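The structure under discussion appears below in the form of structure tokens.
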Amino acid sequence: MELIVGKTAGFCYGVKRAVDGAKKELKQNEKLCGLGEIVHNQDVIKELENLGMQFIENIKEANGKTIIRAHGIPKQIYEEAKQNQIELIDYTCPKVLKIHEIAEEYASKGYYIFLLGSKKHPENIGTYSYCGKNKCMIEKEDDTFKALEMLEKSNIKKLLVISQTTFSLEKFYIIEEIIKNELPRDIELVIKNTICQATEIRQKETKEMANKVDAMIIIGGKNSSNTKKLYDIAKQNCKIAIAIENVKDLDLQELKNTKKVGIMAGASTPKESIEKVMEKLKRVVS
């Protein structure tokens with residue numbers, strides 16, 4: 001069995017920055033909270049909890065310094081923290097902060113804003129709070145038509161389109177095409193592809209790998225948006241696609257009679273998780 005590991009597999013810059021920052025803070029603070037899961041990976045969460053970090057879902061539960069995860073938070077939480085005298089350590093990914101700036105700028109200029117991405121994802125929930133009053137979230141291609149109806153009813157003649165950093169590149173292009181084809185000519189259109197470059201490269205590499213191997217293994221948290229997209233890409237381009245959170249989920253029987261296996265991991269997957277999967281597979285090879 002030949003094993004091929006994706007060059008872009010594992011932690012992206014924003015996630016690594018947040019996790020490393022949390023570990024550094026834990027060495028200096030006895031009490032440290034994390035507002036929401038710092039990344040969507042249970043192995044990372046358990047490691048940080050063992051080091052003394054307490055994860056909370058509401059800023060009012062904070063007991064001491066509180067870390068803001070890579071996904072970012074809604075605008076109003078900064079004010080809530082200030083009112084409750086809670087010190088925030090902000091590890092929001094710089095790419096996400098840039099989208100907040102874009103959204104806020106165009107909202108102040110009177111643009112209607114379409115935000116592409118998952119309606120339940122914490123990054124999008126945070127970004128949406130910067131989009132002003134005239135906004136709509138688009139998760140699936142079909143949502144685009146309803147969004148265009150809402151835009152028409154608003155009588156606003158300026159539209160900004162932005163996206164979650166980990167949104168599907170393929171979906172982005174499809175929705176972009178629908179908007180360009182359906183949008184009335186008298187509306188000014190600004191489209192900013194705010195999908196993180198690392199996400200784009202990772203999705204493209206996954207597709208290329210999937211077309212060259214007999215099976216693809218995608219490693220990442222079950223609630224990780226970017227990992228799910230990698231799995232979807234692998235499934236579309238390879239006969240066998242397997243999604244696992246860590247080495248414990250790997251069933252070698254699923255890889256029976258495969259000669260070439262590709263391994264890719266989501267942006268929230270630690271290097272150790274990838275290495276353990278590799279070790280298990282290499283024992284079979286040898």
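Ordering of the structure tokens sets the chain letters (A, B, ...), residue numbers begin anew at 1 in every chain, and ligands are numbered from 1 in the order given.
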
Which residues of range 64-127 of chain A sit at most 7 Å from range 134-153 of chain A, using only C-alpha atoms? Give each one's shortest atom pair and distance in Å (one decimal place), in chain and ascending residue order, as a Markdown table.
| residue | atom | partner | partner_atom | distance |
| --- | --- | --- | --- | --- |
| A:Tyr112 | CA | A:Asn134 | CA | 5.1 |
| A:Ile113 | CA | A:Lys135 | CA | 4.6 |
| A:Phe114 | CA | A:Cys136 | CA | 5.0 |
| A:Leu115 | CA | A:Met137 | CA | 4.7 |
| A:Leu116 | CA | A:Ile138 | CA | 4.7 |
| A:Gly117 | CA | A:Glu139 | CA | 4.9 |
| A:Ser118 | CA | A:Glu139 | CA | 5.2 |
| A:Lys119 | CA | A:Glu139 | CA | 6.5 |

Each range 92-138 of chain A residue no farther than 10 Å from range 192-212 of chain A, nearest pair in Å, only C-alpha atoms, as CSV:
residue,atom,partner,partner_atom,distance
A:Lys95,CA,A:Cys196,CA,6.9
A:Val96,CA,A:Thr194,CA,8.7
A:Lys98,CA,A:Thr194,CA,8.8
A:Ile99,CA,A:Thr194,CA,6.9
A:Ile102,CA,A:Lys192,CA,9.1
A:Leu116,CA,A:Thr194,CA,9.6
A:Gly117,CA,A:Ile195,CA,9.9

- Message: With distances taken over only C-alpha atoms, which residue among A:Ile244, A:Glu275, A:Phe167, A:Arg185 lies nearest Lys229 in chain A?
- Response: A:Phe167

- Item | Counting only C-alpha atoms, the option among A:Leu51, A:Val15, A:Leu250, A:Leu160 closest to Leu32 in chain A |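 For Leu32 in chain A, the nearest of the given residues is A:Leu51.
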
- What is the distance between CA of Ile174 in chain A and CA of Lys158 in chain A, in Å to one decimal? 20.6 Å

- Message: Can you tell me, as a count of residues only, which residues in range 223-262 of chain A count as strand (DSSP E or B) by DSSP?
- Response: 8

- Of the candidates A:Ala81, A:Ile125, A:Leu48, A:Met53, which one gets nearest to Asn29 in chain A if we count only C-alpha atoms?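 Nearest candidate to Asn29 in chain A out of A:Ala81, A:Ile125, A:Leu48, A:Met53: A:Met53.
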
- Query: So how far away is CA of Ile219 in chain A from CA of Gly266 in chain A, in Å?
  - Reply: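 These two atoms are separated by 6.3 Å.
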
- Query: Smallest atom-to-atom distance to Lys248 in chain A: which of A:Ala265, A:Ile233, A:Ile274, A:Ile179, using only C-alpha atoms?
  - Reply: A:Ile274

- Nearest to Pro122 in chain A, chosen from A:Glu37, A:Glu101, A:Glu177, A:Glu79, with only C-alpha atoms counted in the distances: A:Glu37

If we count only C-alpha atoms and set the cut-off at 7 Å, which residues sit around Glu188 in chain A, ignoring sequence neighbours fewer than 2 positions away in its own chain? Please answer as a short mmCIF file (atom, residue, chain, number, x, y, z; two decimals) with N, CA, C and O atoms, in the first residue's frame.
data_model
loop_
_atom_site.label_atom_id
_atom_site.label_comp_id
_atom_site.auth_asym_id
_atom_site.auth_seq_id
_atom_site.Cartn_x
_atom_site.Cartn_y
_atom_site.Cartn_z
N LYS A 157 -29.70 49.60 -4.03
CA LYS A 157 -29.10 49.43 -5.36
C LYS A 157 -27.61 49.09 -5.32
O LYS A 157 -26.91 49.21 -6.32
N LYS A 158 -27.15 48.65 -4.15
CA LYS A 158 -25.73 48.28 -4.02
C LYS A 158 -25.64 46.95 -3.26
O LYS A 158 -26.26 46.80 -2.20
N LEU A 159 -24.88 46.01 -3.79
CA LEU A 159 -24.78 44.69 -3.17
C LEU A 159 -23.33 44.27 -3.01
O LEU A 159 -22.53 44.34 -3.95
N ASP A 186 -29.34 47.49 -12.87
CA ASP A 186 -29.21 48.80 -12.20
C ASP A 186 -28.64 48.69 -10.79
O ASP A 186 -28.52 49.69 -10.09
N VAL A 190 -20.54 44.23 -5.93
CA VAL A 190 -19.14 44.04 -5.50
C VAL A 190 -19.03 42.63 -4.92
O VAL A 190 -19.74 42.29 -3.97
#

- Just list the residues in range 41-279 of chain A DSSP gives alpha helix (DSSP H) on the backbone, as an NGL selection string. :A and (42-50 or 75-83 or 94-108 or 122-128 or 143-154 or 169-182 or 197-210 or 225-237 or 271-279)

What's the 9 Å shell around range 59-69 of chain A, counting only C-alpha atoms, without same-chain residues fewer than 6 positions away, as an mmCIF file with N, CA, C and O atoms, in the first residue's frame?
data_model
loop_
_atom_site.group_PDB
_atom_site.id
_atom_site.type_symbol
_atom_site.label_atom_id
_atom_site.label_comp_id
_atom_site.auth_asym_id
_atom_site.auth_seq_id
_atom_site.Cartn_x
_atom_site.Cartn_y
_atom_site.Cartn_z
ATOM 1 N N VAL A 15 -5.532 28.673 13.224
ATOM 2 C CA VAL A 15 -5.767 27.675 14.269
ATOM 3 C C VAL A 15 -4.512 27.473 15.112
ATOM 4 O O VAL A 15 -4.570 27.437 16.348
ATOM 5 N N ALA A 18 -4.025 30.295 17.510
ATOM 6 C CA ALA A 18 -4.953 30.258 18.642
ATOM 7 C C ALA A 18 -4.574 29.184 19.656
ATOM 8 O O ALA A 18 -4.560 29.433 20.869
ATOM 9 N N VAL A 19 -4.251 27.987 19.171
ATOM 10 C CA VAL A 19 -3.915 26.873 20.070
ATOM 11 C C VAL A 19 -2.591 27.135 20.785
ATOM 12 O O VAL A 19 -2.483 26.946 22.010
ATOM 13 N N GLY A 21 -1.267 30.004 21.336
ATOM 14 C CA GLY A 21 -1.502 31.135 22.241
ATOM 15 C C GLY A 21 -2.180 30.694 23.526
ATOM 16 O O GLY A 21 -1.815 31.138 24.620
ATOM 17 N N ALA A 22 -3.144 29.783 23.400
ATOM 18 C CA ALA A 22 -3.847 29.266 24.584
ATOM 19 C C ALA A 22 -2.890 28.514 25.498
ATOM 20 O O ALA A 22 -2.915 28.679 26.729
ATOM 21 N N ASN A 29 -1.356 31.480 33.662
ATOM 22 C CA ASN A 29 -2.613 31.742 34.367
ATOM 23 C C ASN A 29 -3.211 30.468 34.943
ATOM 24 O O ASN A 29 -3.339 29.472 34.239
ATOM 25 N N LYS A 31 -6.341 30.352 36.085
ATOM 26 C CA LYS A 31 -7.705 30.328 35.567
ATOM 27 C C LYS A 31 -7.719 30.908 34.163
ATOM 28 O O LYS A 31 -7.284 32.039 33.942
ATOM 29 N N LEU A 32 -8.224 30.113 33.225
ATOM 30 C CA LEU A 32 -8.320 30.579 31.850
ATOM 31 C C LEU A 32 -9.563 29.956 31.211
ATOM 32 O O LEU A 32 -9.763 28.750 31.264
ATOM 33 N N CYS A 33 -10.399 30.814 30.629
ATOM 34 C CA CYS A 33 -11.612 30.334 29.970
ATOM 35 C C CYS A 33 -11.455 30.436 28.459
ATOM 36 O O CYS A 33 -10.680 31.239 27.944
ATOM 37 N N GLY A 34 -12.217 29.621 27.768
ATOM 38 C CA GLY A 34 -12.292 29.697 26.314
ATOM 39 C C GLY A 34 -13.752 29.853 25.933
ATOM 40 O O GLY A 34 -14.593 29.052 26.342
ATOM 41 N N LEU A 35 -14.069 30.902 25.177
ATOM 42 C CA LEU A 35 -15.449 31.146 24.782
ATOM 43 C C LEU A 35 -15.770 30.294 23.555
ATOM 44 O O LEU A 35 -15.375 30.618 22.440
ATOM 45 N N GLY A 36 -16.457 29.187 23.780
ATOM 46 C CA GLY A 36 -16.710 28.230 22.710
ATOM 47 C C GLY A 36 -15.466 27.381 22.473
ATOM 48 O O GLY A 36 -14.388 27.680 22.980
ATOM 49 N N GLU A 37 -15.620 26.312 21.711
ATOM 50 C CA GLU A 37 -14.471 25.443 21.414
ATOM 51 C C GLU A 37 -13.446 26.228 20.607
ATOM 52 O O GLU A 37 -13.778 26.816 19.585
ATOM 53 N N ILE A 38 -12.202 26.218 21.075
ATOM 54 C CA ILE A 38 -11.163 27.018 20.427
ATOM 55 C C ILE A 38 -10.971 26.589 18.973
ATOM 56 O O ILE A 38 -10.704 27.400 18.089
ATOM 57 N N VAL A 39 -11.100 25.297 18.718
ATOM 58 C CA VAL A 39 -11.137 24.752 17.361
ATOM 59 C C VAL A 39 -12.091 23.557 17.379
ATOM 60 O O VAL A 39 -12.380 23.005 18.435
ATOM 61 N N ILE A 77 -20.451 40.928 21.852
ATOM 62 C CA ILE A 77 -19.805 40.227 22.968
ATOM 63 C C ILE A 77 -18.622 41.035 23.510
ATOM 64 O O ILE A 77 -18.335 41.002 24.711
ATOM 65 N N GLU A 80 -20.203 43.335 25.948
ATOM 66 C CA GLU A 80 -20.636 42.593 27.142
ATOM 67 C C GLU A 80 -19.448 42.309 28.061
ATOM 68 O O GLU A 80 -19.558 42.435 29.283
ATOM 69 N N ALA A 81 -18.332 41.905 27.458
ATOM 70 C CA ALA A 81 -17.131 41.603 28.242
ATOM 71 C C ALA A 81 -16.631 42.856 28.962
ATOM 72 O O ALA A 81 -16.247 42.802 30.137
ATOM 73 N N ASN A 84 -18.818 43.689 31.916
ATOM 74 C CA ASN A 84 -18.642 42.741 33.026
ATOM 75 C C ASN A 84 -17.186 42.646 33.494
ATOM 76 O O ASN A 84 -16.837 41.756 34.266
ATOM 77 N N ILE A 86 -14.461 41.715 32.015
ATOM 78 C CA ILE A 86 -13.793 40.454 31.655
ATOM 79 C C ILE A 86 -12.680 40.760 30.657
ATOM 80 O O ILE A 86 -12.923 41.377 29.611
ATOM 81 N N GLU A 87 -11.492 40.321 30.980
ATOM 82 C CA GLU A 87 -10.351 40.557 30.084
ATOM 83 C C GLU A 87 -10.350 39.513 28.965
ATOM 84 O O GLU A 87 -10.346 38.309 29.213
ATOM 85 N N LEU A 88 -10.393 39.998 27.743
ATOM 86 C CA LEU A 88 -10.390 39.111 26.579
ATOM 87 C C LEU A 88 -9.000 39.012 25.969
ATOM 88 O O LEU A 88 -8.282 40.002 25.856
ATOM 89 N N ILE A 89 -8.624 37.802 25.592
ATOM 90 C CA ILE A 89 -7.386 37.575 24.841
ATOM 91 C C ILE A 89 -7.836 37.117 23.463
ATOM 92 O O ILE A 89 -8.338 36.001 23.299
ATOM 93 N N ASP A 90 -7.695 37.991 22.486
ATOM 94 C CA ASP A 90 -8.337 37.776 21.187
ATOM 95 C C ASP A 90 -7.434 37.037 20.203
ATOM 96 O O ASP A 90 -6.448 37.578 19.714
ATOM 97 N N TYR A 91 -7.803 35.791 19.918
ATOM 98 C CA TYR A 91 -7.072 35.010 18.923
ATOM 99 C C TYR A 91 -7.925 34.757 17.679
ATOM 100 O O TYR A 91 -7.744 33.756 16.977
ATOM 101 N N THR A 92 -8.836 35.678 17.402
ATOM 102 C CA THR A 92 -9.585 35.589 16.150
ATOM 103 C C THR A 92 -8.595 35.591 14.989
ATOM 104 O O THR A 92 -7.661 36.397 14.962
ATOM 105 N N CYS A 93 -8.795 34.697 14.034
ATOM 106 C CA CYS A 93 -7.911 34.622 12.869
ATOM 107 C C CYS A 93 -7.882 35.975 12.150
ATOM 108 O O CYS A 93 -8.937 36.572 11.905
#

- Pick the closest to Glu245 in chain A from A:Ile191, A:Gln42, A:Gly262, A:Ala215: which is it, counting only C-alpha atoms?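 Using only C-alpha atoms, Glu245 in chain A sits closest to A:Gln42.
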
- Message: Between CA of Met1 in chain A and CA of Thr258 in chain A, what distance in Å does the model show, to one decimal?
- Response: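 Separating CA of Met1 in chain A from CA of Thr258 in chain A is a distance of 6.7 Å.
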